[in-house]
$ cat model09.pdb   # PDB, C-alpha atoms
ATOM      1  CA  MET T   1      -9.350  -6.356 -12.131  1.00  0.00           C
ATOM      2  CA  ILE T   2     -12.692  -6.669 -13.848  1.00  0.00           C
ATOM      3  CA  LEU T   3     -12.298  -4.810 -17.124  1.00  0.00           C
ATOM      4  CA  LEU T   4     -16.020  -4.365 -17.766  1.00  0.00           C
ATOM      5  CA  THR T   5     -18.675  -4.047 -15.117  1.00  0.00           C
ATOM      6  CA  PRO T   6     -22.221  -5.041 -16.121  1.00  0.00           C
ATOM      7  CA  GLU T   7     -23.170  -1.336 -16.280  1.00  0.00           C
ATOM      8  CA  LEU T   8     -20.260  -0.475 -18.596  1.00  0.00           C
ATOM      9  CA  ARG T   9     -21.007  -3.509 -20.772  1.00  0.00           C
ATOM     10  CA  GLU T  10     -24.640  -2.402 -21.165  1.00  0.00           C
ATOM     11  CA  ARG T  11     -23.637   1.157 -22.084  1.00  0.00           C
ATOM     12  CA  LEU T  12     -21.159  -0.133 -24.678  1.00  0.00           C
ATOM     13  CA  LEU T  13     -23.702  -2.571 -26.126  1.00  0.00           C
ATOM     14  CA  ALA T  14     -26.313   0.220 -26.360  1.00  0.00           C
ATOM     15  CA  ASN T  15     -23.808   2.367 -28.266  1.00  0.00           C
ATOM     16  CA  GLY T  16     -23.015  -0.632 -30.471  1.00  0.00           C
ATOM     17  CA  ARG T  17     -26.628  -0.643 -31.644  1.00  0.00           C
ATOM     18  CA  GLU T  18     -25.927   2.839 -33.102  1.00  0.00           C
ATOM     19  CA  PRO T  19     -22.595   2.134 -34.821  1.00  0.00           C
ATOM     20  CA  HIS T  20     -22.264   5.294 -36.892  1.00  0.00           C
ATOM     21  CA  ALA T  21     -22.852   7.810 -34.097  1.00  0.00           C
ATOM     22  CA  ASP T  22     -20.034   9.893 -32.608  1.00  0.00           C
ATOM     23  CA  HIS T  23     -20.225   8.406 -29.103  1.00  0.00           C
ATOM     24  CA  VAL T  24     -18.462   9.602 -25.995  1.00  0.00           C
ATOM     25  CA  PRO T  25     -15.957   6.996 -24.764  1.00  0.00           C
ATOM     26  CA  VAL T  26     -17.444   4.810 -22.049  1.00  0.00           C
ATOM     27  CA  VAL T  27     -14.286   3.183 -20.724  1.00  0.00           C
ATOM     28  CA  LYS T  28     -10.518   3.638 -20.768  1.00  0.00           C
ATOM     29  CA  PHE T  29      -8.102   0.717 -20.542  1.00  0.00           C
ATOM     30  CA  PHE T  30      -4.372   1.244 -20.083  1.00  0.00           C
ATOM     31  CA  ASN T  31      -1.057  -0.517 -19.654  1.00  0.00           C
ATOM     32  CA  PRO T  32       0.170   0.464 -16.173  1.00  0.00           C
ATOM     33  CA  LEU T  33       3.782  -0.252 -17.164  1.00  0.00           C
ATOM     34  CA  GLY T  34       4.110   1.465 -20.531  1.00  0.00           C
ATOM     35  CA  ASP T  35       2.505   2.149 -23.889  1.00  0.00           C
ATOM     36  CA  GLY T  36      -1.063   1.141 -24.486  1.00  0.00           C
ATOM     37  CA  VAL T  37      -4.309   3.075 -24.107  1.00  0.00           C
ATOM     38  CA  TRP T  38      -7.700   2.062 -25.422  1.00  0.00           C
ATOM     39  CA  LEU T  39     -10.817   4.262 -25.274  1.00  0.00           C
ATOM     40  CA  ALA T  40     -13.907   2.200 -26.068  1.00  0.00           C
ATOM     41  CA  THR T  41     -17.201   3.647 -27.244  1.00  0.00           C
ATOM     42  CA  GLU T  42     -19.047   0.552 -28.470  1.00  0.00           C
ATOM     43  CA  LEU T  43     -19.270  -3.199 -27.988  1.00  0.00           C
ATOM     44  CA  ASP T  44     -20.562  -5.516 -30.703  1.00  0.00           C
ATOM     45  CA  ALA T  45     -23.243  -8.089 -29.913  1.00  0.00           C
ATOM     46  CA  ASP T  46     -20.499 -10.763 -29.936  1.00  0.00           C
ATOM     47  CA  GLY T  47     -19.433  -9.398 -26.526  1.00  0.00           C
ATOM     48  CA  ASP T  48     -15.787  -9.156 -27.591  1.00  0.00           C
ATOM     49  CA  THR T  49     -15.317  -6.615 -30.388  1.00  0.00           C
ATOM     50  CA  LEU T  50     -14.909  -3.080 -29.094  1.00  0.00           C
ATOM     51  CA  PHE T  51     -14.672   0.068 -31.184  1.00  0.00           C
ATOM     52  CA  GLY T  52     -12.794   3.196 -30.214  1.00  0.00           C
ATOM     53  CA  LEU T  53      -9.396   4.821 -30.110  1.00  0.00           C
ATOM     54  CA  ALA T  54      -6.413   2.514 -29.651  1.00  0.00           C
ATOM     55  CA  ASP T  55      -2.956   3.909 -28.990  1.00  0.00           C
ATOM     56  CA  LEU T  56      -0.045   1.479 -28.981  1.00  0.00           C
ATOM     57  CA  GLY T  57       2.434   4.133 -30.032  1.00  0.00           C
ATOM     58  CA  GLU T  58       0.299   5.750 -32.700  1.00  0.00           C
ATOM     59  CA  PRO T  59      -3.374   6.562 -32.035  1.00  0.00           C
ATOM     60  CA  GLU T  60      -5.956   5.213 -34.458  1.00  0.00           C
ATOM     61  CA  LEU T  61      -9.681   4.586 -34.573  1.00  0.00           C
ATOM     62  CA  GLY T  62     -10.744   1.009 -35.072  1.00  0.00           C
ATOM     63  CA  SER T  63     -11.873  -2.258 -33.548  1.00  0.00           C
ATOM     64  CA  PHE T  64     -10.055  -4.268 -30.904  1.00  0.00           C
ATOM     65  CA  SER T  65     -10.728  -7.387 -28.881  1.00  0.00           C
ATOM     66  CA  LEU T  66     -11.707  -7.290 -25.215  1.00  0.00           C
ATOM     67  CA  GLU T  67     -10.496 -10.886 -24.890  1.00  0.00           C
ATOM     68  CA  GLU T  68      -7.067  -9.977 -26.276  1.00  0.00           C
ATOM     69  CA  ILE T  69      -6.748  -6.973 -23.958  1.00  0.00           C
ATOM     70  CA  ALA T  70      -7.763  -9.111 -20.974  1.00  0.00           C
ATOM     71  CA  SER T  71      -5.219 -11.811 -21.911  1.00  0.00           C
ATOM     72  CA  ILE T  72      -2.203  -9.469 -21.944  1.00  0.00           C
ATOM     73  CA  ARG T  73       0.263 -10.449 -19.228  1.00  0.00           C
ATOM     74  CA  LEU T  74       2.821  -7.874 -18.162  1.00  0.00           C
ATOM     75  CA  PRO T  75       5.867  -8.164 -15.902  1.00  0.00           C
ATOM     76  CA  PHE T  76       5.379  -8.488 -12.130  1.00  0.00           C
ATOM     77  CA  GLY T  77       1.947 -10.074 -12.581  1.00  0.00           C
ATOM     78  CA  PHE T  78       0.342  -6.943 -13.986  1.00  0.00           C
ATOM     79  CA  GLY T  79      -2.271  -6.861 -16.717  1.00  0.00           C
ATOM     80  CA  ILE T  80      -4.186  -4.190 -18.587  1.00  0.00           C
ATOM     81  CA  GLU T  81      -6.280  -2.102 -16.222  1.00  0.00           C
ATOM     82  CA  ARG T  82      -9.431  -0.006 -16.407  1.00  0.00           C
ATOM     83  CA  ASP T  83      -9.185   3.629 -15.354  1.00  0.00           C
ATOM     84  CA  ILE T  84     -11.912   3.685 -12.702  1.00  0.00           C
ATOM     85  CA  PHE T  85     -11.823   7.497 -12.578  1.00  0.00           C
ATOM     86  CA  PHE T  86     -12.185   8.034 -16.347  1.00  0.00           C
ATOM     87  CA  GLU T  87     -14.951  10.434 -17.363  1.00  0.00           C
ATOM     88  CA  THR T  88     -15.264  12.582 -20.438  1.00  0.00           C
ATOM     89  CA  ARG T  89     -17.758  14.784 -22.214  1.00  0.00           C
ATOM     90  CA  PHE T  90     -15.908  14.726 -25.513  1.00  0.00           C
ATOM     91  CA  PRO T  91     -16.978  12.399 -28.353  1.00  0.00           C
ATOM     92  CA  ILE T  92     -14.499   9.969 -29.840  1.00  0.00           C
ATOM     93  CA  SER T  93     -13.933  12.211 -32.888  1.00  0.00           C
ATOM     94  CA  VAL T  94     -12.594  14.958 -30.605  1.00  0.00           C
ATOM     95  CA  TRP T  95     -10.355  12.470 -28.789  1.00  0.00           C
ATOM     96  CA  ALA T  96      -9.034  11.119 -32.094  1.00  0.00           C
ATOM     97  CA  GLU T  97      -8.248  14.593 -33.430  1.00  0.00           C
ATOM     98  CA  ALA T  98      -6.596  15.684 -30.176  1.00  0.00           C
ATOM     99  CA  ALA T  99      -4.519  12.481 -30.134  1.00  0.00           C
ATOM    100  CA  ARG T 100      -3.517  13.013 -33.767  1.00  0.00           C
ATOM    101  CA  GLN T 101      -2.467  16.608 -33.094  1.00  0.00           C
ATOM    102  CA  THR T 102      -0.598  15.877 -29.857  1.00  0.00           C
ATOM    103  CA  GLY T 103       0.842  12.528 -30.931  1.00  0.00           C
ATOM    104  CA  SER T 104      -0.680  10.362 -28.212  1.00  0.00           C
ATOM    105  CA  THR T 105      -3.819   9.638 -26.252  1.00  0.00           C
ATOM    106  CA  TRP T 106      -2.010  10.499 -22.989  1.00  0.00           C
ATOM    107  CA  ALA T 107      -1.155  13.983 -24.316  1.00  0.00           C
ATOM    108  CA  ALA T 108      -4.671  14.406 -25.707  1.00  0.00           C
ATOM    109  CA  GLU T 109      -6.094  13.581 -22.293  1.00  0.00           C
ATOM    110  CA  ARG T 110      -4.069  16.367 -20.666  1.00  0.00           C
ATOM    111  CA  VAL T 111      -5.216  18.876 -23.315  1.00  0.00           C
ATOM    112  CA  LEU T 112      -8.878  17.858 -23.131  1.00  0.00           C
ATOM    113  CA  TYR T 113      -8.980  17.864 -19.335  1.00  0.00           C
ATOM    114  CA  ALA T 114      -7.363  21.309 -19.318  1.00  0.00           C
ATOM    115  CA  ALA T 115     -10.083  22.487 -21.718  1.00  0.00           C
ATOM    116  CA  THR T 116     -12.749  20.978 -19.449  1.00  0.00           C
ATOM    117  CA  ARG T 117     -11.337  22.740 -16.395  1.00  0.00           C
ATOM    118  CA  GLY T 118     -11.358  26.021 -18.290  1.00  0.00           C
ATOM    119  CA  ARG T 119     -15.054  25.611 -19.072  1.00  0.00           C
ATOM    120  CA  GLU T 120     -15.942  24.776 -15.457  1.00  0.00           C
ATOM    121  CA  ASP T 121     -14.240  27.941 -14.216  1.00  0.00           C
ATOM    122  CA  GLU T 122     -16.483  30.150 -16.358  1.00  0.00           C
TER     123      GLU T 122
END
$ encode --input "model09.pdb" --output "structure tokens"
Amino acid sequence: MILLTPELRERLLANGREPHADHVPVVKFFNPLGDGVWLATELDADGDTLFGLADLGEPELGSFSLEEIASIRLPFGFGIERDIFFETRFPISVWAEAARQTGSTWAAERVLYAATRGREDE
């Protein structure tokens, strides 16, 4: 799977030119066999360093390497995947707080999507 399409790369690079803004995550990567979720908001000009929320058992904001994520080899020939259906309206600060309160990015996603559905019904 291609982890970053040209369009996603451009959006991440554009956000990277405004590094102190509270961006909405552009892309979600995940381990299809277990722990590991990364929500990326920015990409540095080096084309490798992403910024966002990483959750490998405990969610935290910080930088991570696209190359390292792409090089992860899992059992049965799997690798890290991109959630092609991922969309959000919430900035990374909201994701980080929800993940901190719920204990994981997966749980935060359920809470935030439930909140989104509640707004759409109004």
$ closest_residue --input "model09.pdb" --among "T:Glu68, T:Asp44, T:Asp55, T:Glu87" --to "T:Val26" --atoms "all atoms listed in the file"
T:Glu87
$ atom_distance --input "model09.pdb" --atom1 "atom CA of T:Gly62" --atom2 "atom CA of T:Pro91"
14.6 Å
$ resolve_selection --input "model09.pdb" --expression "the PyMOL selection byres ((chain T and resi 105-116) around 9)" --output "VMD selection string"
chain T and resid 37 to 39 53 to 55 58 to 59 88 to 90 94 to 104 117 to 121
$ closest_residue --input "model09.pdb" --among "T:Leu66, T:Leu3, T:Val24, T:Leu61" --to "T:Glu81" --atoms "only C-alpha atoms"
T:Leu3
$ atom_distance --input "model09.pdb" --atom1 "atom CA of T:Glu60" --atom2 "atom CA of T:Glu7"
25.9 Å
$ atom_distance --input "model09.pdb" --atom1 "atom CA of T:Leu43" --atom2 "atom CA of T:Ser65"
9.6 Å
$ residues_around --input "model09.pdb" --residues "T:His23" --least-positions-apart "3" --cutoff "8 Å" --atoms "all atoms listed in the file" --output "list of chain:residue names"
T:Asn15, T:Thr41, T:Glu42, T:Pro91, T:Ile92
$ closest_residue --input "model09.pdb" --among "T:Ala40, T:Ser93, T:Phe86, T:Gly77" --to "T:Leu13" --atoms "all atoms listed in the file"
T:Ala40
$ closest_residue --input "model09.pdb" --among "T:Ile84, T:Ser71, T:Pro19, T:Pro32" --to "T:Leu50" --atoms "all atoms listed in the file"
T:Pro19
$ decode --input "model09.pdb" --residues "stretch 85-98 of chain T" --atoms "N, CA and C atoms" --output "PDB file, in the first residue's frame"
ATOM      1  N   PHE T  85     -10.328   5.635   4.615  1.00  0.00           N
ATOM      2  CA  PHE T  85     -11.610   6.261   4.921  1.00  0.00           C
ATOM      3  C   PHE T  85     -11.507   7.330   6.013  1.00  0.00           C
ATOM      4  N   PHE T  86     -10.294   7.576   6.519  1.00  0.00           N
ATOM      5  CA  PHE T  86     -10.114   8.510   7.628  1.00  0.00           C
ATOM      6  C   PHE T  86     -10.436   9.936   7.206  1.00  0.00           C
ATOM      7  N   GLU T  87     -11.320  10.567   7.978  1.00  0.00           N
ATOM      8  CA  GLU T  87     -11.640  11.984   7.846  1.00  0.00           C
ATOM      9  C   GLU T  87     -11.944  12.499   9.239  1.00  0.00           C
ATOM     10  N   THR T  88     -11.571  13.719   9.493  1.00  0.00           N
ATOM     11  CA  THR T  88     -11.881  14.326  10.782  1.00  0.00           C
ATOM     12  C   THR T  88     -11.990  15.827  10.627  1.00  0.00           C
ATOM     13  N   ARG T  89     -12.735  16.419  11.533  1.00  0.00           N
ATOM     14  CA  ARG T  89     -12.843  17.879  11.606  1.00  0.00           C
ATOM     15  C   ARG T  89     -12.104  18.412  12.820  1.00  0.00           C
ATOM     16  N   PHE T  90     -11.676  17.493  13.682  1.00  0.00           N
ATOM     17  CA  PHE T  90     -11.079  17.894  14.952  1.00  0.00           C
ATOM     18  C   PHE T  90      -9.575  18.135  14.815  1.00  0.00           C
ATOM     19  N   PRO T  91      -9.065  19.223  15.395  1.00  0.00           N
ATOM     20  CA  PRO T  91      -7.618  19.465  15.369  1.00  0.00           C
ATOM     21  C   PRO T  91      -6.872  18.462  16.254  1.00  0.00           C
ATOM     22  N   ILE T  92      -5.590  18.396  16.051  1.00  0.00           N
ATOM     23  CA  ILE T  92      -4.766  17.413  16.755  1.00  0.00           C
ATOM     24  C   ILE T  92      -4.825  17.598  18.262  1.00  0.00           C
ATOM     25  N   SER T  93      -5.016  18.820  18.748  1.00  0.00           N
ATOM     26  CA  SER T  93      -5.100  19.039  20.202  1.00  0.00           C
ATOM     27  C   SER T  93      -6.323  18.332  20.786  1.00  0.00           C
ATOM     28  N   VAL T  94      -7.416  18.313  20.053  1.00  0.00           N
ATOM     29  CA  VAL T  94      -8.632  17.632  20.511  1.00  0.00           C
ATOM     30  C   VAL T  94      -8.405  16.123  20.499  1.00  0.00           C
ATOM     31  N   TRP T  95      -7.773  15.621  19.450  1.00  0.00           N
ATOM     32  CA  TRP T  95      -7.446  14.190  19.394  1.00  0.00           C
ATOM     33  C   TRP T  95      -6.539  13.793  20.557  1.00  0.00           C
ATOM     34  N   ALA T  96      -5.522  14.598  20.823  1.00  0.00           N
ATOM     35  CA  ALA T  96      -4.575  14.276  21.893  1.00  0.00           C
ATOM     36  C   ALA T  96      -5.269  14.254  23.252  1.00  0.00           C
ATOM     37  N   GLU T  97      -6.132  15.218  23.502  1.00  0.00           N
ATOM     38  CA  GLU T  97      -6.850  15.260  24.778  1.00  0.00           C
ATOM     39  C   GLU T  97      -7.823  14.089  24.900  1.00  0.00           C
ATOM     40  N   ALA T  98      -8.540  13.785  23.829  1.00  0.00           N
ATOM     41  CA  ALA T  98      -9.470  12.652  23.858  1.00  0.00           C
ATOM     42  C   ALA T  98      -8.713  11.343  24.067  1.00  0.00           C
TER      43      ALA T  98
END
